[in-house]
Amino acid sequence: MSDVTAINNLVAKHRALKKEIAKIIVGQDQVIDQILLSIYTGGHSLLIGVPGLAKTLMVNTIARTLGLDFKRIQFTPDLMPSDILGSEILDQNRNFKFIKGPIFANIILADEINRTPPKTQAALLEAMQERAVTITGVQHKLSRPYFVLATQNPIEQEGTYPLPEAQLDRFMFAIELKYPSIAEETQVVKTTTNDEFPEVNPLFNAEEILEVQHLVRRIPVPDNVVDYAVKLVSSTRPGLETSSDYVKQYLDWGAGPRASQNLILGAKAHAAINGKFSPDIEDVQAVAMGILRHRIIKNYKAEAEGISEEDIVNKLL
């Protein structure tokens with residue numbers, strides 16, 4: 001199959017997928033798009049939103065429509081690395097046998113990742129980066145495709161362990177979930193308080209998703225689009241002579257090279273789902289907010305003046 005045919009197929013499949021997800025999830029269009037873009041590129045996503053916005057239901061629904069194995073891990077202060085990775089036990093014949101933990105699935109929902117100590121966070125982050133886990137010196141490969149969708153509650157910070165910047169950088173997208181509109185919430189209430197439970201059908205399987213990931217990487221990118229992405233990321237770094245006064249005034253730290261890589265991968269996937277055979281600058285801009293918002297660090301002046309990461313990214317765009 002040619003790449004042109006494959007992209008046309010992806011456009012049709014993506015539309016069908018969105019319709020299938022909409023049977024259960026009302027609204028949240030941009031959020032679902034960003035989760036799917038990270039899946040099409042092999043990235044991971046961090047979902048930031050207050051409790052009760054159906055984050056778990058959304059991820060579970062997406063996993064089912066993609067035909068993937070899904071597991072949810074509730075992160076708590078007493079969670080140990082072995083609780084998520086698995087451990088070795090002695091069987092009846094006194095031989096060590098490895099019992100896999102919940103991390104062995106295609107899609108992992110890491111619920112409230114900032115509630116667990118750094119040691120357990122680090123165990124999950126090794127799996128995210130290496131697509132493998134090491135138990136007593138033996139490496140165990142994770143099944144492909146492999147995605148981590150972590151959630152964070154932005155309000156309640158007491159007793160939490162915020163993710164360090166280096167770990168935040170492992171997430172391709174930081175996706176903010178907002179409250180639904182009045183019309184959407186009305187529809188949610190109507191559809192969830194009756195006796196009907198709609199079923200979703202799997203439209204992909206693991207192999208097809210891996211093919212989509214290879215297809216996205218094969219999409220050619222014009223030099224001017226790469227230049228734009230790299231310059232956009234570079235413009236977030238306050239230490240450079242070329243940085244604007246605005247950035248020097250409000251930022252302590254900017255985004256690293258992984259942001260540039262993710263902007264191009266995200267732009268490729270965004271172009272593909274819109275039926276384009278090569279991304280342009282608009283595709284980079286479409287994914288920039290989710291890719292940059294968690295990679296820039298504001299200073300005390302920005303905090304004092306109530307300037308958000310979104311304000312800064314919008315200004316740079």
# chains A, B, ... in the order shown; residues from 1 in each chain; ligands from 1

$ residues_around --residues "Gly137 in chain A" --least-positions-apart "3" --cutoff "12 Å" --atoms "only C-alpha atoms" --output "compact mmCIF listing (two decimals) with C-alpha atoms, in the first residue's frame"
# COMPACT_ATOMS: atom_id res chain seq x y z
CA SER A 87 8.06 -9.22 41.41
CA GLU A 88 9.70 -12.63 41.60
CA VAL A 133 11.60 -2.90 32.91
CA THR A 134 14.51 -4.40 34.83
CA HIS A 140 11.60 -7.65 30.50

$ residues_around --residues "Glu130 in chain A" --least-positions-apart "5" --cutoff "10 Å" --atoms "only C-alpha atoms" --output "list in words"
Leu125, Lys141 and Leu142 of chain A

$ write_last_selection --atoms "N, CA and C atoms" --output "PDB file, in the first residue's frame"
ATOM      1  N   LEU A 125       8.780   5.824  34.835  1.00  0.00           N
ATOM      2  CA  LEU A 125       9.448   6.613  33.788  1.00  0.00           C
ATOM      3  C   LEU A 125      10.499   5.794  33.041  1.00  0.00           C
ATOM      4  N   LYS A 141      10.863  -6.990  28.284  1.00  0.00           N
ATOM      5  CA  LYS A 141      10.319  -6.078  27.267  1.00  0.00           C
ATOM      6  C   LYS A 141       8.816  -5.888  27.477  1.00  0.00           C
ATOM      7  N   LEU A 142       8.357  -4.666  27.234  1.00  0.00           N
ATOM      8  CA  LEU A 142       6.921  -4.394  27.300  1.00  0.00           C
ATOM      9  C   LEU A 142       6.322  -4.564  25.912  1.00  0.00           C
TER      10      LEU A 142
END

$ residues_around --residues "range 296-300 of chain A" --least-positions-apart "2" --cutoff "12 Å" --atoms "only C-alpha atoms" --output "VMD selection string"
chain A and resid 164 to 166 168 to 169 174 233 to 238 246 to 256 259 289 to 294 302 to 313 316

$ residues_around --residues "Glu211 in chain A" --least-positions-apart "2" --cutoff "12 Å" --atoms "only C-alpha atoms" --output "list in words"
Met1, Asp3, Ala6, Ile7, Asn9, Leu10, Ile39, Tyr40, Thr41, Gly42, Arg144, Pro145, Phe204, Asn205, Ala206, Glu207, Glu208, Ile209, Gln213, His214, Leu215, Val216, Arg217 and Arg218 of chain A

$ select_by_dssp --residues "range 203-237 of chain A" --states "helix (DSSP H, G or I)" --output "PyMOL selection string"
chain A and resi 206-218+223-234

$ residues_around --residues "range 262-270 of chain A" --least-positions-apart "6" --cutoff "9 Å" --atoms "only C-alpha atoms" --output "MDAnalysis selection string"
chainID A and resid 33:34 37:38 40:41 43 172:173 213 216:217 219:221 225:226 229:230 233 276:288 291:292

$ residues_around --residues "range 19-22 of chain A" --least-positions-apart "5" --cutoff "12 Å" --atoms "only C-alpha atoms" --output "PyMOL selection string"
chain A and resi 12-14+27-29+31-33+36+57-66+184+187-188+191+198-204

$ write_last_selection --atoms "C-alpha atoms" --output "PDB file, in the first residue's frame"
ATOM      1  CA  ALA A  12     -11.246   7.808   7.388  1.00  0.00           C
ATOM      2  CA  LYS A  13     -10.272   5.599  10.353  1.00  0.00           C
ATOM      3  CA  HIS A  14      -9.596   8.648  12.568  1.00  0.00           C
ATOM      4  CA  GLY A  27     -17.257  17.021  23.855  1.00  0.00           C
ATOM      5  CA  GLN A  28     -13.540  17.219  24.852  1.00  0.00           C
ATOM      6  CA  ASP A  29     -12.721  17.194  21.131  1.00  0.00           C
ATOM      7  CA  VAL A  31      -8.307  16.585  24.332  1.00  0.00           C
ATOM      8  CA  ILE A  32      -9.205  13.396  22.436  1.00  0.00           C
ATOM      9  CA  ASP A  33      -7.337  14.650  19.345  1.00  0.00           C
ATOM     10  CA  LEU A  36      -4.767  10.203  19.645  1.00  0.00           C
ATOM     11  CA  LEU A  57     -13.577   6.789  31.320  1.00  0.00           C
ATOM     12  CA  MET A  58     -12.026   8.691  28.396  1.00  0.00           C
ATOM     13  CA  VAL A  59      -8.781   6.696  28.441  1.00  0.00           C
ATOM     14  CA  ASN A  60     -10.638   3.391  28.897  1.00  0.00           C
ATOM     15  CA  THR A  61     -12.948   4.226  25.952  1.00  0.00           C
ATOM     16  CA  ILE A  62     -10.004   5.194  23.707  1.00  0.00           C
ATOM     17  CA  ALA A  63      -8.184   1.957  24.632  1.00  0.00           C
ATOM     18  CA  ARG A  64     -11.257  -0.115  23.703  1.00  0.00           C
ATOM     19  CA  THR A  65     -11.792   1.660  20.361  1.00  0.00           C
ATOM     20  CA  LEU A  66      -8.110   1.078  19.543  1.00  0.00           C
ATOM     21  CA  GLU A 184     -22.234  19.450  26.977  1.00  0.00           C
ATOM     22  CA  GLN A 187     -25.978  16.027  27.435  1.00  0.00           C
ATOM     23  CA  VAL A 188     -23.661  14.190  29.877  1.00  0.00           C
ATOM     24  CA  THR A 191     -26.902  10.133  28.725  1.00  0.00           C
ATOM     25  CA  PRO A 198     -23.583   2.134  24.768  1.00  0.00           C
ATOM     26  CA  GLU A 199     -20.874  -0.263  23.595  1.00  0.00           C
ATOM     27  CA  VAL A 200     -17.895   0.842  21.515  1.00  0.00           C
ATOM     28  CA  ASN A 201     -16.320  -1.296  18.803  1.00  0.00           C
ATOM     29  CA  PRO A 202     -12.556  -1.704  18.287  1.00  0.00           C
ATOM     30  CA  LEU A 203     -11.544  -0.084  14.974  1.00  0.00           C
ATOM     31  CA  PHE A 204      -7.784  -0.754  15.189  1.00  0.00           C
TER      32      PHE A 204
END

$ closest_residue --among "A:Ala16, A:Ile25, A:Leu109, A:Ala272" --to "Gln152 in chain A" --atoms "only C-alpha atoms"
A:Leu109

$ atom_distance --atom1 "CA of Ile113 in chain A" --atom2 "CA of Asp69 in chain A"
20.1 Å

$ select_by_dssp --residues "range 172-301 of chain A" --states "strand (DSSP E)" --output "JSON, numbers by chain"
{"A": [173, 174, 175, 176, 251, 252, 253, 297, 298]}

$ write_last_selection --atoms "C-alpha atoms" --output "short mmCIF file (atom, residue, chain, number, x, y, z; two decimals), in the first residue's frame"
data_model
loop_
_atom_site.label_atom_id
_atom_site.label_comp_id
_atom_site.auth_asym_id
_atom_site.auth_seq_id
_atom_site.Cartn_x
_atom_site.Cartn_y
_atom_site.Cartn_z
CA PHE A 173 1.80 16.38 25.52
CA ALA A 174 0.51 18.04 28.67
CA ILE A 175 -3.24 18.21 28.03
CA GLU A 176 -5.48 20.43 30.10
CA LEU A 251 10.96 32.67 32.18
CA ASP A 252 13.63 30.96 34.25
CA TRP A 253 14.10 28.04 31.89
CA ILE A 297 9.49 27.27 33.78
CA LYS A 298 8.12 30.64 34.86
#

$ closest_residue --among "A:Tyr146, A:Phe171, A:Phe104, A:Phe70" --to "Leu47 in chain A" --atoms "only C-alpha atoms"
A:Phe171

$ atom_distance --atom1 "CA of Phe96 in chain A" --atom2 "CA of Ala122 in chain A"
25.0 Å

$ closest_residue --among "A:Ala105, A:Thr242, A:Pro77, A:Ile135" --to "Val148 in chain A" --atoms "only C-alpha atoms"
A:Ala105

$ atom_distance --atom1 "CA of Gln92 in chain A" --atom2 "CA of Val138 in chain A"
21.6 Å

$ decode --residues "range 213-241 of chain A" --atoms "N, CA and C atoms" --output "PDB file, in the first residue's frame"
ATOM      1  N   GLN A 213       2.263   4.465  13.288  1.00  0.00           N
ATOM      2  CA  GLN A 213       3.450   5.134  13.847  1.00  0.00           C
ATOM      3  C   GLN A 213       4.585   5.191  12.816  1.00  0.00           C
ATOM      4  N   HIS A 214       4.787   4.079  12.074  1.00  0.00           N
ATOM      5  CA  HIS A 214       5.833   4.069  11.032  1.00  0.00           C
ATOM      6  C   HIS A 214       5.462   5.013   9.892  1.00  0.00           C
ATOM      7  N   LEU A 215       4.175   5.032   9.533  1.00  0.00           N
ATOM      8  CA  LEU A 215       3.697   5.916   8.468  1.00  0.00           C
ATOM      9  C   LEU A 215       3.965   7.380   8.825  1.00  0.00           C
ATOM     10  N   VAL A 216       3.633   7.769  10.061  1.00  0.00           N
ATOM     11  CA  VAL A 216       3.834   9.157  10.508  1.00  0.00           C
ATOM     12  C   VAL A 216       5.308   9.540  10.398  1.00  0.00           C
ATOM     13  N   ARG A 217       6.201   8.628  10.792  1.00  0.00           N
ATOM     14  CA  ARG A 217       7.633   8.939  10.734  1.00  0.00           C
ATOM     15  C   ARG A 217       8.148   9.062   9.300  1.00  0.00           C
ATOM     16  N   ARG A 218       7.461   8.400   8.347  1.00  0.00           N
ATOM     17  CA  ARG A 218       7.908   8.473   6.945  1.00  0.00           C
ATOM     18  C   ARG A 218       7.459   9.755   6.237  1.00  0.00           C
ATOM     19  N   ILE A 219       6.545  10.507   6.847  1.00  0.00           N
ATOM     20  CA  ILE A 219       6.024  11.727   6.192  1.00  0.00           C
ATOM     21  C   ILE A 219       7.151  12.747   6.061  1.00  0.00           C
ATOM     22  N   PRO A 220       7.378  13.281   4.838  1.00  0.00           N
ATOM     23  CA  PRO A 220       8.466  14.256   4.662  1.00  0.00           C
ATOM     24  C   PRO A 220       8.090  15.628   5.230  1.00  0.00           C
ATOM     25  N   VAL A 221       9.104  16.336   5.727  1.00  0.00           N
ATOM     26  CA  VAL A 221       8.869  17.673   6.311  1.00  0.00           C
ATOM     27  C   VAL A 221       9.746  18.695   5.589  1.00  0.00           C
ATOM     28  N   PRO A 222       9.160  19.796   5.081  1.00  0.00           N
ATOM     29  CA  PRO A 222       9.974  20.836   4.425  1.00  0.00           C
ATOM     30  C   PRO A 222      10.950  21.480   5.419  1.00  0.00           C
ATOM     31  N   ASP A 223      12.096  21.915   4.924  1.00  0.00           N
ATOM     32  CA  ASP A 223      13.127  22.522   5.786  1.00  0.00           C
ATOM     33  C   ASP A 223      12.607  23.739   6.541  1.00  0.00           C
ATOM     34  N   ASN A 224      11.736  24.548   5.880  1.00  0.00           N
ATOM     35  CA  ASN A 224      11.263  25.771   6.552  1.00  0.00           C
ATOM     36  C   ASN A 224      10.398  25.439   7.771  1.00  0.00           C
ATOM     37  N   VAL A 225       9.709  24.264   7.737  1.00  0.00           N
ATOM     38  CA  VAL A 225       8.869  23.863   8.877  1.00  0.00           C
ATOM     39  C   VAL A 225       9.761  23.407  10.041  1.00  0.00           C
ATOM     40  N   VAL A 226      10.825  22.661   9.716  1.00  0.00           N
ATOM     41  CA  VAL A 226      11.788  22.252  10.763  1.00  0.00           C
ATOM     42  C   VAL A 226      12.429  23.495  11.377  1.00  0.00           C
ATOM     43  N   ASP A 227      12.843  24.455  10.525  1.00  0.00           N
ATOM     44  CA  ASP A 227      13.458  25.699  11.021  1.00  0.00           C
ATOM     45  C   ASP A 227      12.511  26.437  11.959  1.00  0.00           C
ATOM     46  N   TYR A 228      11.224  26.498  11.571  1.00  0.00           N
ATOM     47  CA  TYR A 228      10.233  27.201  12.391  1.00  0.00           C
ATOM     48  C   TYR A 228      10.100  26.535  13.766  1.00  0.00           C
ATOM     49  N   ALA A 229      10.016  25.192  13.776  1.00  0.00           N
ATOM     50  CA  ALA A 229       9.859  24.455  15.036  1.00  0.00           C
ATOM     51  C   ALA A 229      11.067  24.670  15.950  1.00  0.00           C
ATOM     52  N   VAL A 230      12.268  24.568  15.380  1.00  0.00           N
ATOM     53  CA  VAL A 230      13.495  24.717  16.178  1.00  0.00           C
ATOM     54  C   VAL A 230      13.609  26.148  16.720  1.00  0.00           C
ATOM     55  N   LYS A 231      13.275  27.137  15.876  1.00  0.00           N
ATOM     56  CA  LYS A 231      13.358  28.544  16.320  1.00  0.00           C
ATOM     57  C   LYS A 231      12.301  28.847  17.390  1.00  0.00           C
ATOM     58  N   LEU A 232      11.127  28.226  17.253  1.00  0.00           N
ATOM     59  CA  LEU A 232      10.071  28.427  18.254  1.00  0.00           C
ATOM     60  C   LEU A 232      10.533  27.902  19.616  1.00  0.00           C
ATOM     61  N   VAL A 233      11.122  26.707  19.626  1.00  0.00           N
ATOM     62  CA  VAL A 233      11.614  26.130  20.883  1.00  0.00           C
ATOM     63  C   VAL A 233      12.774  26.971  21.431  1.00  0.00           C
ATOM     64  N   SER A 234      13.670  27.366  20.545  1.00  0.00           N
ATOM     65  CA  SER A 234      14.820  28.186  20.941  1.00  0.00           C
ATOM     66  C   SER A 234      14.368  29.520  21.559  1.00  0.00           C
ATOM     67  N   SER A 235      13.238  30.052  21.068  1.00  0.00           N
ATOM     68  CA  SER A 235      12.754  31.354  21.567  1.00  0.00           C
ATOM     69  C   SER A 235      12.255  31.283  23.008  1.00  0.00           C
ATOM     70  N   THR A 236      12.106  30.041  23.565  1.00  0.00           N
ATOM     71  CA  THR A 236      11.652  29.907  24.957  1.00  0.00           C
ATOM     72  C   THR A 236      12.819  29.968  25.949  1.00  0.00           C
ATOM     73  N   ARG A 237      14.045  30.030  25.439  1.00  0.00           N
ATOM     74  CA  ARG A 237      15.223  29.936  26.323  1.00  0.00           C
ATOM     75  C   ARG A 237      15.741  31.324  26.695  1.00  0.00           C
ATOM     76  N   PRO A 238      15.562  31.714  27.969  1.00  0.00           N
ATOM     77  CA  PRO A 238      15.920  33.081  28.373  1.00  0.00           C
ATOM     78  C   PRO A 238      17.425  33.370  28.375  1.00  0.00           C
ATOM     79  N   GLY A 239      18.252  32.314  28.387  1.00  0.00           N
ATOM     80  CA  GLY A 239      19.702  32.523  28.474  1.00  0.00           C
ATOM     81  C   GLY A 239      20.375  32.917  27.164  1.00  0.00           C
ATOM     82  N   LEU A 240      19.639  32.892  26.061  1.00  0.00           N
ATOM     83  CA  LEU A 240      20.252  33.184  24.760  1.00  0.00           C
ATOM     84  C   LEU A 240      20.235  34.674  24.454  1.00  0.00           C
ATOM     85  N   GLU A 241      21.256  35.126  23.704  1.00  0.00           N
ATOM     86  CA  GLU A 241      21.307  36.545  23.315  1.00  0.00           C
ATOM     87  C   GLU A 241      20.122  36.923  22.429  1.00  0.00           C
TER      88      GLU A 241
END
